[in-house]
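**Q** One structure is given below, represented as structure tokens, and several questions about it will come after.
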Amino acid sequence: MTAARSHTAAPLQYRLSISALVAALLVISAISLAQTSVGLVLGPPWKLAAFGLLFLVCDTVRLEIQVRRHGYAVTLSEVALVVGLFLMSPLGLVLVRVLSQAISLGTQRWRLGKLFVNITIAVAEVSVALAVFEALHPENPTDVRSWLAAYAAMGTALLVSNGAVLVAITAAQGWPGRTGFLHLVVPAALAGVLNVTVGLVVVMLLEQNSASAVLLIVLAGVLVAGYRAYSQFLQQHKSLTELYEFTRAVGAARQDGALADALLSRTRDLLNAESATLWLPSQGRYPEVRLTARIDSPGVVDEIADSPVVPDDPIRQAVLQHGVTLHFGPKAGVDDPTLRSALRTRRVEEVIAVPLRSGTAVVGCLEVTNRLGDVTFFGAADVRLLETLAAHAAVAVENNRLIDRLRHDAYHDGLTGLANRRRFTAAVEEAIKVDPAPGEVVAVIQFDVANLRDVNDTLGHGAGDRLLAEVGRRLTAYAPDGALVARIGGDEFVVLVRAEGVEGAVAVGVALQYGLSEPFVLDAFTLDVSAAVGIALYPDHAAGTEPLLQRADVATEAAKNNPRALQVYTASMESRTVHRLGLVSELRRAIDTGALTVHYQPKVALRDNELLGVEALVRWRHPEHGLVSPGDFVPVAEHTGLIVPVTRTVLRAALDQAAAWAESGRPLQVAVNLSSRCLSDVEFPAEVEAMLAEYKVPAERLTLEITESGLVGDTERPLPALHRLHQLGVRLSLDDFGTGYSSLVHLRRLPVSELKIDRSFVARLAVDNEDAEIVRCTVDLAHSLGLLVVAEGVEDDETWERLRDLGCDAVQGWLVAAAMPADEATAWLRARGARGWQRPAAALPAVATDE
């Protein structure tokens, strides 16, 4: 006969169908028994015991057959039933069959409902066989008519039993289809014919000589032992073959990206299980994984996607915590009430959960549930097999994670976790393949973080790394939805975004710049970090990826000289940038050959027109390009480090000229612009002292001008050099005030004696009240600190008068005089004589004076 076991939770419809099936079988049994001569005769006890033992032995010898979610066992019970039809009383046969079936299934811990269904099938099978057998009136077992009666009786019985199994399958999961039907019926029919034939042979032998029973028992024992040994050998060979196939399939799947599917489906098939599950708890940047392959579902099911919020499973947690294999089921009892409850909650009869190990650490578990088959459960061999599969799976999973990590690292920045240049470039290529909507642009917004080197030098590279990571987090937080943030260099970040025209791109850049303007806290330090922002747009500025990125970089360089520190690319920047790149080697040659010259611009007092001194300004007359603008070559010098030798050249020339003027009876204050790079050199104050001594110029006649923007983000580092210069007697001036972000606290700590208002505020002083108010506040602030205030870029009388009204102390600009070479400056000084500078008569105010 065949029997079935299903592990799906039975819905109400299924239960009703099974109840109807049981009722029908009982009715069939009752009708069949009514047609037989069933009396109260049971037969001798020894015969009952012998046949009971025969049924139990025949039930243990089985061939396993599986159809979809159900396992079927074709047993030799028909052999015992055929013998019983000839040699036992009807009542004794029914009773022995029922008891043997109950004992056989009960020892395997079948659930009561399933046990009752299978016993009912057995009763119907015996009852129908008895009814048909007696109806054909068999006489002698050696008679052909008796054989036909046995075949007819057993054929009808098998029709009833297999029909009942088919009804149960259909109720559980629907009609199995033509293939499933044939897989059920054909093996059962063939096994039935074989069993009936064997049974008839046994009956005839016993009829001829009852002592042949001993020979039959010996023969049966030998055959069963041989069958089991052969079956075990086949199983071992099959397991080795399948293990090899498992390893090869998992290895191939890892290359194809289908590791989980191959791993779980192969595990499920190897252990003949209803389901196989891979569970990996979250670890670092790897999220939790919970994947299951079920016999009734194609592919792999993502349990987290189906049920995102699932409480921790006690069985899996126990495996993870203790690192041991757990086997729970009918043949492996569960003493822990928590684990027993977990089994009931998951609605499974049996589970094996094996740890996945990476070295000595447990990284997850591999589990299977519910062995398919009617009386077959997982055993010790299955546990060992799953542990072997788990070892292979752990290696495959770790290798797959390693490959994922390598792939991730290939496209992500290791410090910030953001996209790197490779991924960003690919994203730009993909973005420009999609034509923008009308009015839309693809914007590349680049950020160059200032003063990172100062943070590394002052607080260490660890602090610099934390600063970069925080910059990445802020850009990500402030970036609009759909934007890609990447780090493409040491202190360079970029954002890819679709925006509504140049205005939309600028708005995004301003918002991101604002996000970076909030102070950064590193350890006990609070840092103000600025960034130059360059913007390039597709298709406005470039038609390809590389040109777009290059032009964003050009715009970023231009932004460093922009008061707003934000610049949109323009075509004029391209030629200027190329021109600057070509200047590097020529500038170095100009320094070495003394081709740089110094011009001098006078600085006078607003109160009485007294000449206060001159500012030394570097000039370069190129043999081919003529006079090169300082705005072109000074940034190149700053970027390449050539600004230090340029500063030394200007300083020597200025001191030499100051000494010459002093010898001619015209001692003057001379000012030289100083790069922040020079202040980073602890030996620079000593160099200045040596130069002053060499040219015999008193220290108080030298003014060194430092730009406010050069001190932004790090006022601590240059302080030692500034104080040393101050101690030498050198006057210090804070140049371009108003273009940086100096705070009052920083200003008070700097040993400066002069503050110069940037020309961008002076130029619109006469027409812009806001600029006038800024200048007034600056003058008041400087005077409260005891500083002299100088305005740069004074070009007209109205500006002169406004500055004087606002309390400014001194001015310089074209209204006084343009920057002049040394000989022209000397002539200009000689022409003014001792009277100092006088404003032209046309420039004097038309008002009465007391003088």
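Here's how to read the names in the structure tokens: chain A, B, ... by the order shown, residue numbers from 1 in each chain, ligand numbers from 1 in the order shown.
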Give the strand (DSSP E or B) residues of region 305-369 of chain A, as DSSP finds them on the backbone, and put them as a PyMOL selection string.
**A** chain A and resi 326-329+332+351-358+361-369
**Q** Please list as a list in words every residue within 12 Å of Leu53 (chain A), counting only C-alpha atoms and excluding residues in the same chain fewer than 3 positions away.
**A**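 After dropping sequence-adjacent residues, the list is Trp46, Lys47, Leu48, Ala49, Ala50, Leu56, Val57, Cys58, Asp59, Thr60, Ser77, Ala80, Val96, Arg97, Leu99, Ser100, Gln101, Ile103, Ser104 and Ile217 of chain A.
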**Q** Output all heavy atoms for every residue in the selection just made, as a short mmCIF file (atom, residue, chain, number, x, y, z; two decimals), in the first residue's frame.
**A**
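Below you can see out.cif, which holds the result:
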data_model
loop_
_atom_site.label_atom_id
_atom_site.label_comp_id
_atom_site.auth_asym_id
_atom_site.auth_seq_id
_atom_site.Cartn_x
_atom_site.Cartn_y
_atom_site.Cartn_z
N TRP A 46 -1.17 -18.04 18.38
CA TRP A 46 0.15 -18.08 17.74
C TRP A 46 0.09 -17.58 16.30
O TRP A 46 1.01 -16.94 15.79
CB TRP A 46 0.73 -19.49 17.78
CG TRP A 46 -0.05 -20.51 16.96
CD1 TRP A 46 -1.04 -21.32 17.41
CD2 TRP A 46 0.13 -20.78 15.57
NE1 TRP A 46 -1.53 -22.10 16.38
CE2 TRP A 46 -0.80 -21.78 15.23
CE3 TRP A 46 0.98 -20.29 14.58
CZ2 TRP A 46 -0.93 -22.30 13.95
CZ3 TRP A 46 0.87 -20.82 13.31
CH2 TRP A 46 -0.08 -21.80 12.99
N LYS A 47 -1.07 -17.90 15.64
CA LYS A 47 -1.23 -17.46 14.26
C LYS A 47 -1.40 -15.94 14.21
O LYS A 47 -0.85 -15.25 13.32
CB LYS A 47 -2.41 -18.17 13.61
CG LYS A 47 -2.57 -17.80 12.14
CD LYS A 47 -3.72 -18.54 11.50
CE LYS A 47 -3.40 -20.01 11.31
NZ LYS A 47 -4.43 -20.71 10.49
N LEU A 48 -2.19 -15.41 15.15
CA LEU A 48 -2.36 -13.95 15.20
C LEU A 48 -1.02 -13.25 15.42
O LEU A 48 -0.70 -12.25 14.77
CB LEU A 48 -3.33 -13.58 16.31
CG LEU A 48 -4.79 -14.05 16.14
CD1 LEU A 48 -5.60 -13.70 17.38
CD2 LEU A 48 -5.41 -13.42 14.90
N ALA A 49 -0.23 -13.80 16.34
CA ALA A 49 1.07 -13.19 16.63
C ALA A 49 2.00 -13.30 15.44
O ALA A 49 2.74 -12.35 15.09
CB ALA A 49 1.69 -13.85 17.85
N ALA A 50 1.99 -14.46 14.77
CA ALA A 50 2.87 -14.67 13.63
C ALA A 50 2.52 -13.70 12.50
O ALA A 50 3.42 -13.08 11.89
CB ALA A 50 2.78 -16.11 13.15
N LEU A 56 4.35 -6.39 10.45
CA LEU A 56 5.32 -5.38 10.92
C LEU A 56 6.60 -5.44 10.10
O LEU A 56 7.18 -4.40 9.73
CB LEU A 56 5.63 -5.60 12.40
CG LEU A 56 4.51 -5.22 13.38
CD1 LEU A 56 4.90 -5.60 14.80
CD2 LEU A 56 4.20 -3.73 13.31
N VAL A 57 7.07 -6.68 9.81
CA VAL A 57 8.30 -6.82 9.02
C VAL A 57 8.08 -6.29 7.60
O VAL A 57 8.91 -5.56 7.05
CB VAL A 57 8.75 -8.29 8.98
CG1 VAL A 57 9.89 -8.48 7.99
CG2 VAL A 57 9.20 -8.74 10.36
N CYS A 58 6.94 -6.65 7.02
CA CYS A 58 6.66 -6.19 5.65
C CYS A 58 6.51 -4.66 5.58
O CYS A 58 6.85 -4.04 4.57
CB CYS A 58 5.39 -6.86 5.12
SG CYS A 58 5.59 -8.62 4.79
N ASP A 59 5.99 -4.07 6.66
CA ASP A 59 5.84 -2.61 6.66
C ASP A 59 7.19 -1.89 6.71
O ASP A 59 7.30 -0.73 6.30
CB ASP A 59 4.99 -2.17 7.86
CG ASP A 59 3.50 -2.41 7.61
OD1 ASP A 59 3.11 -2.50 6.43
OD2 ASP A 59 2.74 -2.48 8.59
N THR A 60 8.22 -2.54 7.27
CA THR A 60 9.51 -1.88 7.40
C THR A 60 10.33 -1.93 6.11
O THR A 60 11.26 -1.15 5.94
CB THR A 60 10.34 -2.53 8.52
OG1 THR A 60 10.55 -3.91 8.22
CG2 THR A 60 9.63 -2.40 9.85
N SER A 77 3.53 -4.90 2.47
CA SER A 77 2.39 -5.34 3.28
C SER A 77 1.40 -6.16 2.48
O SER A 77 0.65 -6.99 3.04
CB SER A 77 1.68 -4.12 3.89
OG SER A 77 1.25 -3.24 2.87
N ALA A 80 1.91 -9.94 3.02
CA ALA A 80 1.27 -10.48 4.22
C ALA A 80 -0.23 -10.55 4.06
O ALA A 80 -0.89 -11.49 4.55
CB ALA A 80 1.64 -9.60 5.42
N VAL A 96 -5.54 -7.96 13.15
CA VAL A 96 -4.08 -7.97 13.09
C VAL A 96 -3.57 -6.82 12.23
O VAL A 96 -2.59 -6.13 12.56
CB VAL A 96 -3.58 -9.32 12.56
CG1 VAL A 96 -2.10 -9.23 12.20
CG2 VAL A 96 -3.79 -10.40 13.58
N ARG A 97 -4.28 -6.57 11.13
CA ARG A 97 -3.82 -5.49 10.24
C ARG A 97 -3.94 -4.13 10.91
O ARG A 97 -3.04 -3.29 10.81
CB ARG A 97 -4.64 -5.51 8.94
CG ARG A 97 -4.16 -4.48 7.93
CD ARG A 97 -2.74 -4.80 7.50
NE ARG A 97 -2.16 -3.77 6.65
CZ ARG A 97 -1.03 -3.15 6.88
NH1 ARG A 97 -0.35 -3.43 7.99
NH2 ARG A 97 -0.54 -2.27 6.05
N LEU A 99 -3.97 -3.49 14.20
CA LEU A 99 -3.01 -3.36 15.29
C LEU A 99 -1.58 -3.16 14.76
O LEU A 99 -0.82 -2.34 15.30
CB LEU A 99 -3.07 -4.60 16.18
CG LEU A 99 -4.35 -4.75 17.01
CD1 LEU A 99 -4.33 -6.06 17.79
CD2 LEU A 99 -4.51 -3.57 17.96
N SER A 100 -1.20 -3.90 13.73
CA SER A 100 0.17 -3.77 13.19
C SER A 100 0.39 -2.38 12.58
O SER A 100 1.46 -1.78 12.74
CB SER A 100 0.44 -4.86 12.15
OG SER A 100 -0.42 -4.70 11.03
N GLN A 101 -0.66 -1.89 11.91
CA GLN A 101 -0.54 -0.54 11.33
C GLN A 101 -0.41 0.51 12.41
O GLN A 101 0.39 1.44 12.31
CB GLN A 101 -1.76 -0.25 10.45
CG GLN A 101 -1.73 1.09 9.72
CD GLN A 101 -0.86 1.07 8.47
OE1 GLN A 101 0.09 0.29 8.39
NE2 GLN A 101 -1.18 1.92 7.52
N ILE A 103 0.74 0.08 15.48
CA ILE A 103 2.05 -0.03 16.12
C ILE A 103 3.14 0.57 15.23
O ILE A 103 4.02 1.31 15.68
CB ILE A 103 2.36 -1.50 16.46
CG1 ILE A 103 1.39 -2.01 17.53
CG2 ILE A 103 3.81 -1.65 16.92
CD1 ILE A 103 1.50 -3.50 17.78
N SER A 104 3.10 0.24 13.93
CA SER A 104 4.12 0.71 13.00
C SER A 104 4.15 2.23 12.91
O SER A 104 5.20 2.87 13.01
CB SER A 104 3.87 0.11 11.62
OG SER A 104 4.79 0.62 10.68
N ILE A 217 11.52 -17.66 6.15
CA ILE A 217 12.00 -16.62 7.08
C ILE A 217 13.48 -16.34 6.84
O ILE A 217 13.92 -15.19 6.80
CB ILE A 217 11.74 -17.06 8.54
CG1 ILE A 217 10.23 -17.06 8.81
CG2 ILE A 217 12.46 -16.11 9.50
CD1 ILE A 217 9.86 -17.63 10.17
#
**Q** Taking the DSSP secondary structure from the backbone, can you list the residues of region 669-804 of chain A that are alpha helix (DSSP H), as an MDAnalysis selection string?
**A** chainID A and resid 676:679 684:695 719:728 744:749 759:762 769:784 797:804
**Q** Given the selection you just returned, output its residues as a file containing C-alpha atoms, formatted as a tab-separated table (two decimals), in the first residue's frame.
**A**
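The resulting file, result-v5.tsv, is shown below:
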chain	number	residue	atom	x	y	z
A	676	SER	CA	50.38	81.70	4.47
A	677	ARG	CA	52.87	79.11	3.23
A	678	CYS	CA	55.70	81.29	4.52
A	679	LEU	CA	54.10	81.43	7.96
A	684	PHE	CA	60.92	82.17	8.08
A	685	PRO	CA	61.18	84.79	10.92
A	686	ALA	CA	64.91	84.06	11.12
A	687	GLU	CA	65.21	84.63	7.36
A	688	VAL	CA	63.47	87.99	7.70
A	689	GLU	CA	65.77	88.96	10.55
A	690	ALA	CA	68.80	88.05	8.46
A	691	MET	CA	67.54	90.09	5.50
A	692	LEU	CA	66.87	93.14	7.69
A	693	ALA	CA	70.41	92.90	8.99
A	694	GLU	CA	71.83	92.38	5.50
A	695	TYR	CA	70.18	95.50	4.07
A	719	LEU	CA	50.70	82.36	15.43
A	720	PRO	CA	54.26	81.37	16.48
A	721	ALA	CA	55.74	82.89	13.31
A	722	LEU	CA	53.57	86.01	13.63
A	723	HIS	CA	54.56	86.58	17.25
A	724	ARG	CA	58.24	86.08	16.42
A	725	LEU	CA	58.01	88.66	13.62
A	726	HIS	CA	56.18	91.01	15.97
A	727	GLN	CA	58.96	90.58	18.55
A	728	LEU	CA	61.51	91.54	15.89
A	744	LEU	CA	36.62	89.00	16.79
A	745	VAL	CA	38.33	86.40	18.99
A	746	HIS	CA	40.74	85.49	16.20
A	747	LEU	CA	41.39	89.14	15.38
A	748	ARG	CA	42.29	89.98	18.96
A	749	ARG	CA	44.83	87.15	19.09
A	759	ARG	CA	38.69	96.93	-2.50
A	760	SER	CA	35.41	95.06	-3.19
A	761	PHE	CA	33.77	97.10	-0.38
A	762	VAL	CA	35.54	100.36	-1.25
A	769	ASN	CA	24.75	102.04	1.74
A	770	GLU	CA	25.25	98.45	2.86
A	771	ASP	CA	28.94	98.55	1.88
A	772	ALA	CA	29.24	101.91	3.64
A	773	GLU	CA	27.79	100.42	6.80
A	774	ILE	CA	30.21	97.47	6.58
A	775	VAL	CA	33.14	99.89	6.26
A	776	ARG	CA	31.90	101.97	9.19
A	777	CYS	CA	31.58	98.89	11.42
A	778	THR	CA	35.02	97.69	10.32
A	779	VAL	CA	36.61	101.05	11.15
A	780	ASP	CA	34.92	101.14	14.57
A	781	LEU	CA	36.01	97.58	15.29
A	782	ALA	CA	39.62	98.23	14.25
A	783	HIS	CA	39.87	101.46	16.23
A	784	SER	CA	38.49	99.72	19.33
A	797	ASP	CA	37.15	111.92	-4.83
A	798	GLU	CA	33.70	110.89	-3.63
A	799	THR	CA	35.08	107.64	-2.24
A	800	TRP	CA	37.91	109.62	-0.61
A	801	GLU	CA	35.46	111.90	1.16
A	802	ARG	CA	33.19	109.04	2.30
A	803	LEU	CA	36.17	107.18	3.75
A	804	ARG	CA	37.32	110.26	5.62
**Q** Which neighbours of Ile488 (chain A) fall inside 6 Å, counting only C-alpha atoms, when residues of the same chain fewer than 4 positions from it are skipped, and could you give them as a list in words?
**A**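 Non-adjacent residues within range: Asn420, Arg421, Glu492 and Phe493 of chain A.
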**Q** Could those residues be written to a file, using N, CA and C atoms, as a short mmCIF file (atom, residue, chain, number, x, y, z; two decimals), in the first residue's frame?
**A**
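part_6.cif, written as the output of this step:
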data_model
loop_
_atom_site.label_atom_id
_atom_site.label_comp_id
_atom_site.auth_asym_id
_atom_site.auth_seq_id
_atom_site.Cartn_x
_atom_site.Cartn_y
_atom_site.Cartn_z
N ASN A 420 33.19 56.46 -5.33
CA ASN A 420 34.50 56.99 -5.69
C ASN A 420 34.48 57.52 -7.12
N ARG A 421 35.65 57.91 -7.62
CA ARG A 421 35.70 58.52 -8.95
C ARG A 421 35.20 57.56 -10.02
N GLU A 492 38.50 66.49 -2.21
CA GLU A 492 37.55 66.85 -3.25
C GLU A 492 36.32 65.95 -3.22
N PHE A 493 35.16 66.58 -3.18
CA PHE A 493 33.88 65.89 -3.23
C PHE A 493 33.09 66.41 -4.42
#
**Q** Contacts of Pro281 (chain A) at 10 Å or less, counting only C-alpha atoms, minus same-chain residues fewer than 3 places along, as a ChimeraX atom specification?
**A** /A:284,286-290,316-317,320,363-365
**Q** Ranking A:Ala168, A:Ala124, A:Val196, A:Ala531 by minimum distance to Ser146 (chain A) and counting only C-alpha atoms, which one comes first?
**A**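 The answer is A:Val196, which sits nearest to Ser146 (chain A).
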**Q** Skip Ser127 (chain A) itself and residues of its chain fewer than 2 positions away, then list as a short mmCIF file (atom, residue, chain, number, x, y, z; two decimals) with N, CA and C atoms, in the first residue's frame all residues within 12 Å of it, counting only C-alpha atoms.
**A**
data_model
loop_
_atom_site.label_atom_id
_atom_site.label_comp_id
_atom_site.auth_asym_id
_atom_site.auth_seq_id
_atom_site.Cartn_x
_atom_site.Cartn_y
_atom_site.Cartn_z
N LEU A 25 -14.41 6.02 3.61
CA LEU A 25 -13.68 4.78 3.81
C LEU A 25 -14.35 3.89 4.83
N LEU A 26 -14.86 4.50 5.90
CA LEU A 26 -15.55 3.71 6.91
C LEU A 26 -16.81 3.07 6.32
N VAL A 27 -17.52 3.82 5.48
CA VAL A 27 -18.71 3.26 4.84
C VAL A 27 -18.34 2.09 3.94
N ILE A 28 -17.27 2.28 3.14
CA ILE A 28 -16.81 1.21 2.25
C ILE A 28 -16.42 -0.02 3.06
N SER A 29 -15.73 0.23 4.19
CA SER A 29 -15.31 -0.90 5.04
C SER A 29 -16.52 -1.64 5.58
N ALA A 30 -17.50 -0.90 6.05
CA ALA A 30 -18.69 -1.53 6.63
C ALA A 30 -19.44 -2.36 5.59
N ILE A 31 -19.61 -1.77 4.39
CA ILE A 31 -20.33 -2.49 3.34
C ILE A 31 -19.57 -3.75 2.93
N SER A 32 -18.25 -3.60 2.82
CA SER A 32 -17.44 -4.76 2.39
C SER A 32 -17.48 -5.88 3.43
N LEU A 33 -17.33 -5.51 4.70
CA LEU A 33 -17.35 -6.54 5.73
C LEU A 33 -18.72 -7.21 5.83
N ALA A 34 -19.75 -6.47 5.49
CA ALA A 34 -21.10 -7.05 5.52
C ALA A 34 -21.27 -8.14 4.47
N GLN A 35 -20.46 -8.08 3.40
CA GLN A 35 -20.56 -9.07 2.35
C GLN A 35 -19.73 -10.32 2.62
N THR A 36 -18.99 -10.29 3.74
CA THR A 36 -18.13 -11.43 4.05
C THR A 36 -18.73 -12.22 5.20
N SER A 37 -18.12 -13.41 5.42
CA SER A 37 -18.58 -14.27 6.51
C SER A 37 -17.77 -13.97 7.77
N VAL A 38 -17.80 -12.70 8.17
CA VAL A 38 -17.04 -12.32 9.35
C VAL A 38 -17.79 -12.79 10.58
N LEU A 81 -0.82 -9.55 3.37
CA LEU A 81 -2.27 -9.55 3.20
C LEU A 81 -2.74 -10.71 2.32
N LEU A 85 -5.27 -13.72 3.46
CA LEU A 85 -6.54 -14.03 2.79
C LEU A 85 -6.77 -15.54 2.73
N PRO A 90 -11.39 -13.94 8.62
CA PRO A 90 -11.60 -12.52 8.26
C PRO A 90 -11.45 -11.58 9.44
N LEU A 91 -12.05 -11.91 10.60
CA LEU A 91 -11.97 -11.01 11.75
C LEU A 91 -10.53 -10.92 12.27
N GLY A 92 -9.84 -12.04 12.30
CA GLY A 92 -8.46 -12.03 12.76
C GLY A 92 -7.57 -11.22 11.84
N LEU A 93 -7.83 -11.33 10.52
CA LEU A 93 -7.02 -10.58 9.56
C LEU A 93 -7.22 -9.07 9.73
N VAL A 94 -8.48 -8.65 9.90
CA VAL A 94 -8.77 -7.22 10.08
C VAL A 94 -8.11 -6.71 11.37
N LEU A 95 -8.27 -7.48 12.45
CA LEU A 95 -7.74 -7.04 13.74
C LEU A 95 -6.22 -6.95 13.70
N ARG A 97 -4.28 -6.57 11.13
CA ARG A 97 -3.82 -5.49 10.24
C ARG A 97 -3.94 -4.13 10.91
N VAL A 98 -5.04 -3.93 11.62
CA VAL A 98 -5.25 -2.64 12.30
C VAL A 98 -4.21 -2.45 13.39
N THR A 120 -7.50 4.03 8.88
CA THR A 120 -8.78 3.89 8.16
C THR A 120 -8.56 3.37 6.76
N ILE A 121 -7.48 3.88 6.10
CA ILE A 121 -7.17 3.37 4.76
C ILE A 121 -6.83 1.89 4.81
N ALA A 122 -6.08 1.49 5.83
CA ALA A 122 -5.71 0.07 5.97
C ALA A 122 -6.94 -0.80 6.20
N VAL A 123 -7.87 -0.35 7.03
CA VAL A 123 -9.10 -1.11 7.29
C VAL A 123 -9.91 -1.26 6.01
N ALA A 124 -10.04 -0.16 5.24
CA ALA A 124 -10.80 -0.23 3.99
C ALA A 124 -10.12 -1.17 3.00
N GLU A 125 -8.78 -1.13 2.97
CA GLU A 125 -8.04 -1.99 2.06
C GLU A 125 -8.29 -3.47 2.38
N ALA A 129 -10.59 -6.18 0.12
CA ALA A 129 -9.91 -7.39 -0.34
C ALA A 129 -10.65 -8.64 0.12
N LEU A 130 -11.11 -8.67 1.38
CA LEU A 130 -11.86 -9.83 1.88
C LEU A 130 -13.16 -10.03 1.11
N ALA A 131 -13.87 -8.91 0.86
CA ALA A 131 -15.17 -9.01 0.18
C ALA A 131 -15.01 -9.58 -1.23
N VAL A 132 -14.04 -9.06 -1.99
CA VAL A 132 -13.83 -9.53 -3.36
C VAL A 132 -13.32 -10.97 -3.35
N PHE A 133 -12.40 -11.27 -2.45
CA PHE A 133 -11.81 -12.61 -2.41
C PHE A 133 -12.87 -13.67 -2.12
N GLU A 134 -13.73 -13.42 -1.14
CA GLU A 134 -14.77 -14.41 -0.81
C GLU A 134 -15.82 -14.49 -1.89
N ALA A 153 -8.75 -9.38 -5.77
CA ALA A 153 -8.97 -8.82 -4.43
C ALA A 153 -7.94 -7.73 -4.12
N MET A 154 -6.67 -8.01 -4.42
CA MET A 154 -5.62 -7.04 -4.10
C MET A 154 -5.67 -5.84 -5.05
N THR A 156 -8.40 -4.56 -6.31
CA THR A 156 -9.46 -3.68 -5.80
C THR A 156 -9.03 -2.94 -4.55
N ALA A 157 -8.30 -3.64 -3.68
CA ALA A 157 -7.83 -3.02 -2.44
C ALA A 157 -6.85 -1.88 -2.73
N LEU A 158 -5.93 -2.13 -3.67
CA LEU A 158 -4.98 -1.08 -4.04
C LEU A 158 -5.69 0.10 -4.70
N VAL A 160 -8.63 1.17 -3.93
CA VAL A 160 -9.24 1.95 -2.86
C VAL A 160 -8.19 2.75 -2.09
N SER A 161 -7.07 2.08 -1.72
CA SER A 161 -6.06 2.76 -0.91
C SER A 161 -5.39 3.90 -1.68
#
**Q** Considering only C-alpha atoms, return as a PDB file with C-alpha atoms, in the first residue's frame whatever protein or nucleic-acid residues lie within 12 Å of Leu606 (chain A), sequence-local ones (same chain, fewer than 3 positions apart) excluded.
**A**
ATOM      1  CA  LYS A 603      49.876 104.872   0.853  1.00  0.00           C
ATOM      2  CA  ASN A 609      47.856 113.606   3.187  1.00  0.00           C
ATOM      3  CA  GLU A 610      51.068 112.471   4.838  1.00  0.00           C
ATOM      4  CA  LEU A 611      52.936 109.787   2.905  1.00  0.00           C
ATOM      5  CA  LEU A 612      52.906 106.731   5.196  1.00  0.00           C
ATOM      6  CA  LEU A 788      45.219 101.593  11.825  1.00  0.00           C
ATOM      7  CA  VAL A 789      42.611 101.253   9.037  1.00  0.00           C
ATOM      8  CA  VAL A 790      43.697 101.438   5.375  1.00  0.00           C
ATOM      9  CA  ALA A 791      41.298 101.371   2.394  1.00  0.00           C
ATOM     10  CA  VAL A 794      40.434 104.383  -3.887  1.00  0.00           C
ATOM     11  CA  ASP A 797      37.155 111.924  -4.828  1.00  0.00           C
ATOM     12  CA  THR A 799      35.079 107.642  -2.237  1.00  0.00           C
ATOM     13  CA  TRP A 800      37.915 109.622  -0.607  1.00  0.00           C
ATOM     14  CA  GLU A 801      35.456 111.899   1.162  1.00  0.00           C
ATOM     15  CA  ARG A 802      33.189 109.039   2.299  1.00  0.00           C
ATOM     16  CA  LEU A 803      36.172 107.181   3.752  1.00  0.00           C
ATOM     17  CA  ARG A 804      37.315 110.256   5.616  1.00  0.00           C
ATOM     18  CA  ASP A 805      33.806 110.785   6.982  1.00  0.00           C
ATOM     19  CA  LEU A 806      33.687 107.161   8.138  1.00  0.00           C
ATOM     20  CA  GLY A 807      36.930 107.627  10.072  1.00  0.00           C
ATOM     21  CA  CYS A 808      39.297 105.650   7.843  1.00  0.00           C
ATOM     22  CA  ASP A 809      42.972 106.416   8.553  1.00  0.00           C
ATOM     23  CA  ALA A 810      44.749 105.911   5.239  1.00  0.00           C
ATOM     24  CA  VAL A 811      44.133 105.042   1.587  1.00  0.00           C
ATOM     25  CA  GLN A 812      45.930 103.725  -1.443  1.00  0.00           C
ATOM     26  CA  VAL A 816      46.935 108.633  -5.111  1.00  0.00           C
ATOM     27  CA  TRP A 837      51.533 114.014  -1.336  1.00  0.00           C
ATOM     28  CA  GLN A 838      49.063 116.741  -2.295  1.00  0.00           C
ATOM     29  CA  ARG A 839      45.661 116.100  -3.848  1.00  0.00           C
TER      30      ARG A 839
END
